[in-house]
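Okay, upload.cif now, which holds mmCIF, C-alpha atoms:
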```cif
data_model
#
loop_
_atom_site.label_atom_id
_atom_site.label_comp_id
_atom_site.auth_asym_id
_atom_site.auth_seq_id
_atom_site.Cartn_x
_atom_site.Cartn_y
_atom_site.Cartn_z
CA MET A 23 116.41 77.66 98.60
CA ALA A 24 117.36 81.02 100.09
CA LEU A 25 115.47 84.24 100.43
CA GLU A 26 116.30 86.62 97.56
CA THR A 27 113.94 89.55 98.09
CA LEU A 28 111.36 90.43 100.69
CA SER A 29 108.37 92.71 100.27
CA PRO A 30 106.83 94.74 103.10
CA SER A 31 103.61 92.74 102.81
CA ARG A 32 105.38 89.35 103.03
CA ALA A 33 107.50 90.60 105.92
CA SER A 34 104.25 91.53 107.66
CA ASP A 35 102.86 88.06 106.89
CA PHE A 36 105.82 86.32 108.52
CA LYS A 37 105.65 88.61 111.53
CA THR A 38 101.93 87.84 111.90
CA CYS A 39 102.08 84.11 111.14
CA PRO A 40 105.00 82.14 109.62
CA GLN A 41 102.54 79.57 108.24
CA LEU A 42 100.70 82.33 106.36
CA PHE A 43 104.02 83.43 104.89
CA ARG A 44 104.65 79.87 103.72
CA PHE A 45 101.25 79.57 102.04
CA ARG A 46 101.74 82.84 100.18
CA ALA A 47 105.47 83.14 99.51
CA ILE A 48 106.75 79.55 99.44
CA ASP A 49 103.79 77.43 98.31
CA ARG A 50 102.26 80.34 96.36
CA LEU A 51 98.77 78.99 96.90
CA PRO A 52 96.00 80.81 95.07
CA GLU A 53 93.55 82.82 97.14
CA PRO A 54 89.89 83.28 96.29
CA VAL A 55 89.07 86.57 94.63
CA THR A 56 86.60 88.67 96.61
CA VAL A 57 84.42 91.70 95.90
CA TYR A 58 86.45 93.60 98.49
CA GLN A 59 89.72 92.84 96.75
CA ALA A 60 88.21 93.90 93.43
CA ARG A 61 87.01 97.16 94.95
CA GLY A 62 90.38 97.88 96.52
CA THR A 63 92.37 97.20 93.34
CA THR A 64 90.03 99.27 91.19
CA ALA A 65 89.92 102.15 93.68
CA HIS A 66 93.72 102.24 93.91
CA LEU A 67 94.01 102.46 90.14
CA ALA A 68 91.38 105.21 89.93
CA LEU A 69 93.05 107.26 92.69
CA GLN A 70 96.41 106.85 91.03
CA ARG A 71 95.05 108.13 87.72
CA LEU A 72 93.20 111.01 89.38
CA PHE A 73 96.54 112.72 89.89
CA ASP A 74 97.33 112.40 86.18
CA ARG A 75 94.61 115.02 85.67
CA PRO A 76 95.29 118.76 85.98
CA SER A 77 94.57 119.83 89.55
CA ALA A 78 91.34 121.66 88.64
CA GLU A 79 89.93 118.44 87.12
CA ARG A 80 90.43 116.28 90.20
CA THR A 81 86.75 116.21 91.08
CA PRO A 82 84.46 113.52 92.46
CA GLU A 83 82.89 113.07 89.03
CA ALA A 84 86.33 112.55 87.49
CA LEU A 85 87.18 109.93 90.12
CA TYR A 86 83.91 108.09 89.51
CA ASP A 87 84.63 108.01 85.76
CA LEU A 88 88.15 106.75 86.41
CA PHE A 89 86.79 104.01 88.64
CA ARG A 90 84.38 102.90 85.89
CA GLU A 91 87.21 102.95 83.32
CA ALA A 92 89.53 100.99 85.58
CA TRP A 93 86.81 98.42 86.29
CA SER A 94 86.12 97.95 82.59
CA GLU A 95 89.82 97.12 82.15
CA LEU A 96 90.13 94.82 85.15
CA ARG A 97 86.85 92.93 85.18
CA LEU A 98 87.54 90.73 82.13
CA GLU A 99 91.18 90.10 82.98
CA GLU A 100 90.97 89.38 86.70
CA TYR A 101 87.35 89.32 87.86
CA ALA A 102 85.35 87.79 85.02
CA ASP A 103 83.42 85.34 87.22
CA LEU A 104 83.11 87.48 90.33
CA PHE A 105 79.41 88.33 90.05
CA ASP A 106 76.47 86.05 89.43
CA SER A 107 74.33 88.73 87.78
CA VAL A 108 74.41 92.19 86.28
CA GLU A 109 72.27 93.43 89.16
CA GLU A 110 74.80 92.18 91.71
CA GLU A 111 77.64 93.86 89.85
CA ARG A 112 75.68 97.10 89.57
CA ALA A 113 74.95 97.15 93.31
CA TRP A 114 78.66 96.58 94.00
CA GLY A 115 79.48 99.49 91.68
CA VAL A 116 77.07 101.85 93.46
CA ASP A 117 78.54 100.90 96.84
CA SER A 118 82.04 101.43 95.46
CA LEU A 119 81.26 104.93 94.22
CA ASP A 120 79.73 105.78 97.60
CA LEU A 121 82.98 104.66 99.21
CA LEU A 122 85.05 106.78 96.83
CA ALA A 123 82.96 109.83 97.66
CA ASN A 124 84.38 109.61 101.18
CA TYR A 125 87.85 110.35 99.87
CA PHE A 126 87.03 114.01 99.26
CA SER A 127 86.05 114.50 102.88
CA VAL A 128 89.58 113.74 104.11
CA GLU A 129 91.69 115.65 101.58
CA ASP A 130 91.42 117.91 98.53
CA PRO A 131 93.39 116.37 95.65
CA ARG A 132 93.37 119.74 93.89
CA SER A 133 95.55 121.26 96.61
CA PHE A 134 98.77 119.33 96.00
CA ASP A 135 100.75 117.25 93.51
CA PRO A 136 102.30 114.02 94.81
CA LEU A 137 106.03 113.59 94.43
CA ASP A 138 105.51 109.93 93.42
CA ARG A 139 102.72 107.42 92.93
CA GLU A 140 102.87 103.64 92.61
CA LEU A 141 106.63 103.91 93.07
CA ASP A 142 108.38 100.58 92.38
CA MET A 143 111.13 100.26 94.97
CA LEU A 144 114.00 97.74 94.99
CA GLU A 145 116.64 98.57 97.56
CA ASP A 146 119.70 96.68 98.78
CA LEU A 147 120.02 97.41 102.48
CA ASP A 148 123.58 96.13 102.85
CA GLY A 149 122.88 92.45 102.43
CA ILE A 150 119.09 92.22 102.33
CA THR A 151 116.98 93.25 99.35
CA ILE A 152 113.54 94.74 99.92
CA ARG A 153 111.03 95.29 97.14
CA GLY A 154 107.59 96.83 97.09
CA ILE A 155 105.30 99.39 95.52
CA LEU A 156 104.64 102.59 97.45
CA ASP A 157 101.14 104.04 96.93
CA ARG A 158 101.95 107.73 97.24
CA MET A 159 104.45 110.23 98.58
CA GLU A 160 103.91 113.96 98.90
CA GLU A 161 105.37 117.04 100.50
CA VAL A 162 102.87 118.94 102.65
CA ASP A 163 103.93 122.19 104.33
CA GLY A 164 107.54 121.11 104.11
CA ARG A 165 106.82 117.64 105.54
CA LEU A 166 107.57 114.49 103.57
CA VAL A 167 104.62 112.12 103.98
CA ILE A 168 104.07 108.56 102.76
CA THR A 169 100.40 107.71 102.22
CA ASP A 170 98.64 104.39 101.72
CA TYR A 171 95.00 103.93 100.67
CA LYS A 172 92.82 101.29 102.31
CA SER A 173 89.38 100.48 100.93
CA GLY A 174 88.33 98.59 104.04
CA LYS A 175 87.10 99.86 107.36
CA ALA A 176 89.63 101.27 109.80
CA PRO A 177 90.36 99.25 112.92
CA PRO A 178 90.01 101.00 116.29
CA GLU A 179 92.98 103.29 116.80
CA ARG A 180 94.49 101.07 119.49
CA TYR A 181 94.73 98.24 116.92
CA ALA A 182 95.98 100.37 114.02
CA LEU A 183 99.69 100.33 114.84
CA PRO A 184 100.45 97.00 113.07
CA ALA A 185 99.00 98.50 109.87
CA PHE A 186 101.88 100.99 109.85
CA PHE A 187 104.49 98.23 109.75
CA ALA A 188 104.75 98.13 105.95
CA LEU A 189 104.69 101.93 105.69
CA LYS A 190 107.65 102.21 108.05
CA ILE A 191 109.54 99.83 105.76
CA TYR A 192 108.77 102.12 102.83
CA ALA A 193 109.98 105.08 104.89
CA LEU A 194 113.24 103.20 105.46
CA LEU A 195 113.58 102.55 101.73
CA ILE A 196 112.92 106.21 100.93
CA ARG A 197 115.60 107.27 103.40
CA ARG A 198 118.01 104.84 101.76
CA ARG A 199 117.19 106.02 98.23
CA THR A 200 116.96 109.77 98.79
CA GLY A 201 118.91 110.41 101.98
CA ARG A 202 115.87 112.13 103.46
CA THR A 203 113.87 110.77 106.37
CA PRO A 204 110.09 110.99 105.86
CA ASP A 205 108.33 113.01 108.54
CA ALA A 206 105.19 110.89 108.75
CA VAL A 207 103.34 107.86 107.41
CA ARG A 208 99.60 108.01 106.86
CA LEU A 209 96.76 105.55 106.26
CA ILE A 210 93.59 106.71 104.51
CA TYR A 211 90.70 104.29 105.14
CA LEU A 212 87.96 105.11 102.64
CA ASN A 213 85.34 103.17 104.57
CA GLY A 214 84.52 105.62 107.32
CA PRO A 215 86.43 107.56 106.28
CA THR A 216 89.29 107.55 108.78
CA VAL A 217 92.83 108.89 108.61
CA TYR A 218 95.59 107.67 110.89
CA GLU A 219 99.00 109.34 110.86
CA ILE A 220 102.10 108.80 112.96
CA PRO A 221 105.42 110.67 112.94
CA VAL A 222 108.63 108.99 111.76
CA ASN A 223 112.19 109.63 112.85
CA ASP A 224 115.63 108.14 112.31
CA ALA A 225 115.58 106.16 115.55
CA GLN A 226 112.37 104.40 114.44
CA LEU A 227 113.81 103.62 111.02
CA ASP A 228 117.04 102.31 112.53
CA ALA A 229 114.92 100.01 114.68
CA MET A 230 112.96 98.92 111.58
CA ASP A 231 116.24 98.15 109.81
CA ARG A 232 117.26 95.87 112.69
CA GLN A 233 113.83 94.25 112.75
CA LEU A 234 113.94 93.56 109.01
CA ARG A 235 117.35 91.91 109.33
CA ALA A 236 116.07 89.75 112.16
CA LEU A 237 113.02 88.77 110.09
CA TRP A 238 115.23 87.97 107.10
CA THR A 239 117.39 85.69 109.27
CA ALA A 240 114.33 84.03 110.77
CA ILE A 241 112.80 83.43 107.33
CA ASP A 242 116.04 81.95 106.01
CA ARG A 243 116.16 79.64 109.03
CA ALA A 244 112.52 78.64 108.53
CA ILE A 245 113.24 77.82 104.89
CA ASP A 246 116.32 75.76 105.78
CA GLU A 247 114.49 73.84 108.48
CA ASP A 248 111.12 73.76 106.68
CA ASP A 249 109.56 75.04 109.86
CA PHE A 250 106.77 77.60 109.58
CA PRO A 251 104.72 77.34 112.78
CA PRO A 252 101.20 78.75 112.66
CA ARG A 253 100.38 81.57 115.03
CA PRO A 254 96.61 81.50 115.64
CA GLY A 255 94.97 84.82 116.38
CA ARG A 256 91.96 87.00 115.77
CA LEU A 257 92.76 87.30 112.03
CA CYS A 258 92.41 83.55 111.45
CA ASP A 259 88.67 83.91 110.86
CA TRP A 260 89.44 85.87 107.68
CA CYS A 261 92.37 83.76 106.48
CA SER A 262 91.98 82.17 103.04
CA PHE A 263 94.02 79.16 104.14
CA ARG A 264 92.27 78.27 107.39
CA ASP A 265 91.10 74.91 106.04
CA ARG A 266 94.72 74.01 105.17
CA CYS A 267 96.33 75.34 108.34
CA PRO A 268 97.83 72.82 110.79
CA ALA A 269 96.51 74.91 113.66
CA PHE A 270 92.96 73.96 112.66
CA ALA A 271 93.60 70.43 111.35
CA GLU A 272 92.17 68.89 114.52
CA ASP A 273 89.00 70.96 114.22
CA ALA A 274 88.62 69.96 110.57
CA GLY A 275 89.15 66.29 111.45
CA ALA A 276 86.54 66.42 114.18
CA ALA A 277 84.05 68.08 111.82
CA GLU A 278 84.64 65.40 109.18
CA ALA A 279 84.21 62.65 111.75
CA ALA A 280 80.97 64.20 113.00
CA ALA A 281 79.67 64.51 109.45
CA ALA A 282 80.53 60.87 108.72
CA ALA A 283 78.86 59.72 111.94
CA GLY A 284 75.75 61.74 111.17
#
```
Can the structure from this file be put into structure tokens for me?
Amino acid sequence: MALETLSPSRASDFKTCPQLFRFRAIDRLPEPVTVYQARGTTAHLALQRLFDRPSAERTPEALYDLFREAWSELRLEEYADLFDSVEEERAWGVDSLDLLANYFSVEDPRSFDPLDRELDMLEDLDGITIRGILDRMEEVDGRLVITDYKSGKAPPERYALPAFFALKIYALLIRRRTGRTPDAVRLIYLNGPTVYEIPVNDAQLDAMDRQLRALWTAIDRAIDEDDFPPRPGRLCDWCSFRDRCPAFAEDAGAAEAAAAAG
């Protein structure tokens, strides 16, 4: 088996923890569906469709309606068993609309038209093939900006830099496809809300190109040698695969032994 394509999110997984990459990309283990994932997916779809409307109609009320429409489409297909009661689902919906209201405090969607949304990208970077879906790209005051929505809460600014990793990959792909280097990448965290933006230049993208090639080589080697070492860290508490991870096998064994003894 050899690596054929690599997405920005899977590249980020391998960089964070090779074992996580294996669980998701090699073993393709299912992950439990959460209310947060459902909110994020539905909000992304609603925000995407908001820009299908004429600029004057891009209002909070329109976004709320689009969220409800998107949820009615997604709930039966992907989230049928997510809620135990109608009341629980309704409370989740109210919280979701409150979150969406934050969007209008960070930008006015009536003031611009994105150049692209949900752009499917497949680019051959001279020997490695990268594929992903870019949330949004716009030109603001002559600046080319790549934007990504996040429905979760923003990390403290000093911890936000890793979140830009995937966006820098998209900036590299845009440069490859269009010949133009994006001026900035931006994260919009709806829970807050918080906006983080960093500038981009050719030197950074050249460095990202080298880093991607190194990751590709490392992943190919890991596949050949079947060696995906876990890299425990502060994100392990939220990992869907913690109970399967070799890094925590000893803890799980001790817990089982204690339970049996008790």
Worksheet item: Can you list, as a PyMOL selection string, every protein, DNA or RNA residue that comes within 12 Å of Leu194 of chain A when you count all atoms listed in the file, leaving out same-chain residues fewer than 3 positions away?
Response: chain A and resi 30+143-147+152-154+156+168+187-191+197-207+222-234
Discussion item. With 10 Å as the threshold, what does the neighbourhood of (93.3, 105.0, 89.8) contain in terms of residues, counting all atoms listed in the file? Coordinates are those of the file; answer as a PyMOL selection string.
Written reply: chain A and resi 63-74+85-86+88-93
Keeping C-alpha atoms, export the residues of the selection given above as a CSV table (one decimal), in the frame of the given file.
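Output saved as selection36.csv:
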```csv
chain,number,residue,atom,x,y,z
A,63,THR,CA,92.4,97.2,93.3
A,64,THR,CA,90.0,99.3,91.2
A,65,ALA,CA,89.9,102.2,93.7
A,66,HIS,CA,93.7,102.2,93.9
A,67,LEU,CA,94.0,102.5,90.1
A,68,ALA,CA,91.4,105.2,89.9
A,69,LEU,CA,93.0,107.3,92.7
A,70,GLN,CA,96.4,106.8,91.0
A,71,ARG,CA,95.0,108.1,87.7
A,72,LEU,CA,93.2,111.0,89.4
A,73,PHE,CA,96.5,112.7,89.9
A,74,ASP,CA,97.3,112.4,86.2
A,85,LEU,CA,87.2,109.9,90.1
A,86,TYR,CA,83.9,108.1,89.5
A,88,LEU,CA,88.2,106.8,86.4
A,89,PHE,CA,86.8,104.0,88.6
A,90,ARG,CA,84.4,102.9,85.9
A,91,GLU,CA,87.2,103.0,83.3
A,92,ALA,CA,89.5,101.0,85.6
A,93,TRP,CA,86.8,98.4,86.3
```
Fill in: Result set of the PyMOL selection byres ((chain A and resi 157) around 6) on the coordinates above, as a ChimeraX atom specification
/A:139-140,156,158,170
Would you write out those residues with C-alpha atoms, as a PDB file, in the frame of the given file?
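That gives us part_29.pdb:
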```
ATOM      1  CA  ARG A 139     102.720 107.420  92.930  1.00  0.00           C
ATOM      2  CA  GLU A 140     102.870 103.640  92.610  1.00  0.00           C
ATOM      3  CA  LEU A 156     104.640 102.590  97.450  1.00  0.00           C
ATOM      4  CA  ARG A 158     101.950 107.730  97.240  1.00  0.00           C
ATOM      5  CA  ASP A 170      98.640 104.390 101.720  1.00  0.00           C
TER       6      ASP A 170
END
```
Worksheet item: What residues have an atom no more than 12 Å from (97.3, 109.1, 108.3) in the file's own frame, counting all atoms listed in the file, and can you write them as a PyMOL selection string?
Response: chain A and resi 128-129+167-172+176+179+182-183+185-186+189+205-212+215-222
Worksheet item: Written as number ranges by chain, which residues does the PyMOL selection byres ((chain A and resi 54) around 12) give for the file shown?
Response: A: 51-53, 55-60, 100-101, 103-104, 260-263
Response to the item:
Using only C-alpha atoms, the residue out of A:Asp248, A:Phe134, A:Pro82, A:Leu141 with shortest distance to Asp120 of chain A is A:Pro82
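Nearest to Ile150 of chain A of all the residues A:Gly62, A:Cys258, A:Trp238, A:Gln41 is A:Trp238, counting all atoms listed in the file.
Atom CA of Glu111 of chain A is positioned 18.4 Å from atom CA of Gly174 of chain A.
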Discussion item. Under the rule that all atoms listed in the file are counted, which of A:Pro136, A:Glu247, A:Asp265, A:Leu121 is the nearest residue to Gly214 of chain A?
Written reply: A:Leu121
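Take atom CA of Phe43 of chain A and atom CA of Phe250 of chain A: the distance between them is 8.0 Å.
Between atom CA of Asp242 of chain A and atom CA of Arg44 of chain A the interatomic distance comes to 11.8 Å.
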Response to the item:
Glu161 of chain A proximity check over A:Leu98, A:Asp117, A:Asp35, A:Asp138, using all atoms listed in the file: winner is A:Asp138
Worksheet item: With only C-alpha atoms as the atoms that count, which of A:Ala271, A:Arg266, A:Gly149, A:Leu257 lies nearest to Cys39 of chain A?
Response: A:Leu257
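Distances to Leu28 of chain A were evaluated for A:Cys267, A:Ile155, A:Leu122, A:Val108 using all atoms listed in the file, and the minimum falls at A:Ile155.
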Practice prompt. Could you tell me which residues the PyMOL selection byres ((chain A and resi 24) around 8) returns for this structure, as a ChimeraX atom specification?
Written response: /A:23,25-26,242,245-246
Taking N, CA and C atoms as the atom set, what does segment 76-111 of chain A look like once completed, written as a PDB file, in the coordinates of the input?
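Writing the result to result23.pdb gives the following:
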```pdb
ATOM      1  N   PRO A  76      94.967 117.432  85.436  1.00  0.00           N
ATOM      2  CA  PRO A  76      95.290 118.760  85.980  1.00  0.00           C
ATOM      3  C   PRO A  76      94.550 118.962  87.291  1.00  0.00           C
ATOM      4  N   SER A  77      95.127 119.718  88.201  1.00  0.00           N
ATOM      5  CA  SER A  77      94.570 119.830  89.550  1.00  0.00           C
ATOM      6  C   SER A  77      93.097 120.250  89.552  1.00  0.00           C
ATOM      7  N   ALA A  78      92.720 121.171  88.662  1.00  0.00           N
ATOM      8  CA  ALA A  78      91.340 121.660  88.640  1.00  0.00           C
ATOM      9  C   ALA A  78      90.345 120.578  88.249  1.00  0.00           C
ATOM     10  N   GLU A  79      90.806 119.510  87.597  1.00  0.00           N
ATOM     11  CA  GLU A  79      89.930 118.440  87.120  1.00  0.00           C
ATOM     12  C   GLU A  79      89.851 117.258  88.074  1.00  0.00           C
ATOM     13  N   ARG A  80      90.452 117.381  89.232  1.00  0.00           N
ATOM     14  CA  ARG A  80      90.430 116.280  90.200  1.00  0.00           C
ATOM     15  C   ARG A  80      89.176 116.370  91.056  1.00  0.00           C
ATOM     16  N   THR A  81      88.067 116.073  90.452  1.00  0.00           N
ATOM     17  CA  THR A  81      86.750 116.210  91.080  1.00  0.00           C
ATOM     18  C   THR A  81      86.160 114.845  91.389  1.00  0.00           C
ATOM     19  N   PRO A  82      85.128 114.800  92.217  1.00  0.00           N
ATOM     20  CA  PRO A  82      84.460 113.520  92.460  1.00  0.00           C
ATOM     21  C   PRO A  82      83.976 112.859  91.181  1.00  0.00           C
ATOM     22  N   GLU A  83      83.402 113.640  90.278  1.00  0.00           N
ATOM     23  CA  GLU A  83      82.890 113.070  89.030  1.00  0.00           C
ATOM     24  C   GLU A  83      84.020 112.432  88.221  1.00  0.00           C
ATOM     25  N   ALA A  84      85.178 113.096  88.214  1.00  0.00           N
ATOM     26  CA  ALA A  84      86.330 112.550  87.490  1.00  0.00           C
ATOM     27  C   ALA A  84      86.764 111.223  88.121  1.00  0.00           C
ATOM     28  N   LEU A  85      86.785 111.163  89.446  1.00  0.00           N
ATOM     29  CA  LEU A  85      87.180 109.930  90.120  1.00  0.00           C
ATOM     30  C   LEU A  85      86.196 108.806  89.839  1.00  0.00           C
ATOM     31  N   TYR A  86      84.905 109.122  89.811  1.00  0.00           N
ATOM     32  CA  TYR A  86      83.910 108.090  89.510  1.00  0.00           C
ATOM     33  C   TYR A  86      84.130 107.544  88.089  1.00  0.00           C
ATOM     34  N   ASP A  87      84.386 108.449  87.142  1.00  0.00           N
ATOM     35  CA  ASP A  87      84.630 108.010  85.760  1.00  0.00           C
ATOM     36  C   ASP A  87      85.884 107.146  85.683  1.00  0.00           C
ATOM     37  N   LEU A  88      86.904 107.527  86.420  1.00  0.00           N
ATOM     38  CA  LEU A  88      88.150 106.750  86.410  1.00  0.00           C
ATOM     39  C   LEU A  88      87.947 105.378  87.031  1.00  0.00           C
ATOM     40  N   PHE A  89      87.098 105.307  88.045  1.00  0.00           N
ATOM     41  CA  PHE A  89      86.790 104.010  88.640  1.00  0.00           C
ATOM     42  C   PHE A  89      86.078 103.121  87.615  1.00  0.00           C
ATOM     43  N   ARG A  90      85.103 103.695  86.900  1.00  0.00           N
ATOM     44  CA  ARG A  90      84.380 102.900  85.890  1.00  0.00           C
ATOM     45  C   ARG A  90      85.335 102.431  84.791  1.00  0.00           C
ATOM     46  N   GLU A  91      86.238 103.325  84.357  1.00  0.00           N
ATOM     47  CA  GLU A  91      87.210 102.950  83.320  1.00  0.00           C
ATOM     48  C   GLU A  91      88.135 101.846  83.811  1.00  0.00           C
ATOM     49  N   ALA A  92      88.623 101.996  85.033  1.00  0.00           N
ATOM     50  CA  ALA A  92      89.530 100.990  85.580  1.00  0.00           C
ATOM     51  C   ALA A  92      88.818  99.644  85.716  1.00  0.00           C
ATOM     52  N   TRP A  93      87.557  99.664  86.139  1.00  0.00           N
ATOM     53  CA  TRP A  93      86.810  98.420  86.290  1.00  0.00           C
ATOM     54  C   TRP A  93      86.591  97.750  84.940  1.00  0.00           C
ATOM     55  N   SER A  94      86.324  98.535  83.917  1.00  0.00           N
ATOM     56  CA  SER A  94      86.120  97.950  82.590  1.00  0.00           C
ATOM     57  C   SER A  94      87.393  97.257  82.091  1.00  0.00           C
ATOM     58  N   GLU A  95      88.552  97.745  82.526  1.00  0.00           N
ATOM     59  CA  GLU A  95      89.820  97.120  82.150  1.00  0.00           C
ATOM     60  C   GLU A  95      90.085  95.848  82.968  1.00  0.00           C
ATOM     61  N   LEU A  96      89.762  95.906  84.255  1.00  0.00           N
ATOM     62  CA  LEU A  96      90.130  94.820  85.150  1.00  0.00           C
ATOM     63  C   LEU A  96      89.146  93.657  85.167  1.00  0.00           C
ATOM     64  N   ARG A  97      87.876  93.941  84.936  1.00  0.00           N
ATOM     65  CA  ARG A  97      86.850  92.930  85.180  1.00  0.00           C
ATOM     66  C   ARG A  97      87.021  91.691  84.298  1.00  0.00           C
ATOM     67  N   LEU A  98      87.391  91.879  83.025  1.00  0.00           N
ATOM     68  CA  LEU A  98      87.540  90.730  82.130  1.00  0.00           C
ATOM     69  C   LEU A  98      88.845  89.984  82.365  1.00  0.00           C
ATOM     70  N   GLU A  99      89.874  90.719  82.785  1.00  0.00           N
ATOM     71  CA  GLU A  99      91.180  90.100  82.980  1.00  0.00           C
ATOM     72  C   GLU A  99      91.271  89.343  84.301  1.00  0.00           C
ATOM     73  N   GLU A 100      90.743  89.939  85.373  1.00  0.00           N
ATOM     74  CA  GLU A 100      90.970  89.380  86.700  1.00  0.00           C
ATOM     75  C   GLU A 100      89.709  88.978  87.448  1.00  0.00           C
ATOM     76  N   TYR A 101      88.565  89.519  87.052  1.00  0.00           N
ATOM     77  CA  TYR A 101      87.350  89.320  87.860  1.00  0.00           C
ATOM     78  C   TYR A 101      86.155  88.892  87.010  1.00  0.00           C
ATOM     79  N   ALA A 102      86.408  88.135  85.975  1.00  0.00           N
ATOM     80  CA  ALA A 102      85.350  87.790  85.020  1.00  0.00           C
ATOM     81  C   ALA A 102      84.188  87.037  85.667  1.00  0.00           C
ATOM     82  N   ASP A 103      84.465  86.188  86.632  1.00  0.00           N
ATOM     83  CA  ASP A 103      83.420  85.340  87.220  1.00  0.00           C
ATOM     84  C   ASP A 103      83.048  85.770  88.632  1.00  0.00           C
ATOM     85  N   LEU A 104      83.306  87.024  88.952  1.00  0.00           N
ATOM     86  CA  LEU A 104      83.110  87.480  90.330  1.00  0.00           C
ATOM     87  C   LEU A 104      81.639  87.622  90.699  1.00  0.00           C
ATOM     88  N   PHE A 105      80.824  88.056  89.753  1.00  0.00           N
ATOM     89  CA  PHE A 105      79.410  88.330  90.050  1.00  0.00           C
ATOM     90  C   PHE A 105      78.502  87.343  89.327  1.00  0.00           C
ATOM     91  N   ASP A 106      77.415  86.997  90.004  1.00  0.00           N
ATOM     92  CA  ASP A 106      76.470  86.050  89.430  1.00  0.00           C
ATOM     93  C   ASP A 106      75.465  86.716  88.498  1.00  0.00           C
ATOM     94  N   SER A 107      75.312  88.042  88.614  1.00  0.00           N
ATOM     95  CA  SER A 107      74.330  88.730  87.780  1.00  0.00           C
ATOM     96  C   SER A 107      74.747  90.170  87.565  1.00  0.00           C
ATOM     97  N   VAL A 108      74.154  90.781  86.570  1.00  0.00           N
ATOM     98  CA  VAL A 108      74.410  92.190  86.280  1.00  0.00           C
ATOM     99  C   VAL A 108      73.932  93.050  87.442  1.00  0.00           C
ATOM    100  N   GLU A 109      72.817  92.664  88.040  1.00  0.00           N
ATOM    101  CA  GLU A 109      72.270  93.430  89.160  1.00  0.00           C
ATOM    102  C   GLU A 109      73.233  93.431  90.351  1.00  0.00           C
ATOM    103  N   GLU A 110      73.835  92.290  90.609  1.00  0.00           N
ATOM    104  CA  GLU A 110      74.800  92.180  91.710  1.00  0.00           C
ATOM    105  C   GLU A 110      76.022  93.054  91.441  1.00  0.00           C
ATOM    106  N   GLU A 111      76.496  93.031  90.213  1.00  0.00           N
ATOM    107  CA  GLU A 111      77.640  93.860  89.850  1.00  0.00           C
ATOM    108  C   GLU A 111      77.292  95.343  89.941  1.00  0.00           C
TER     109      GLU A 111
END
```
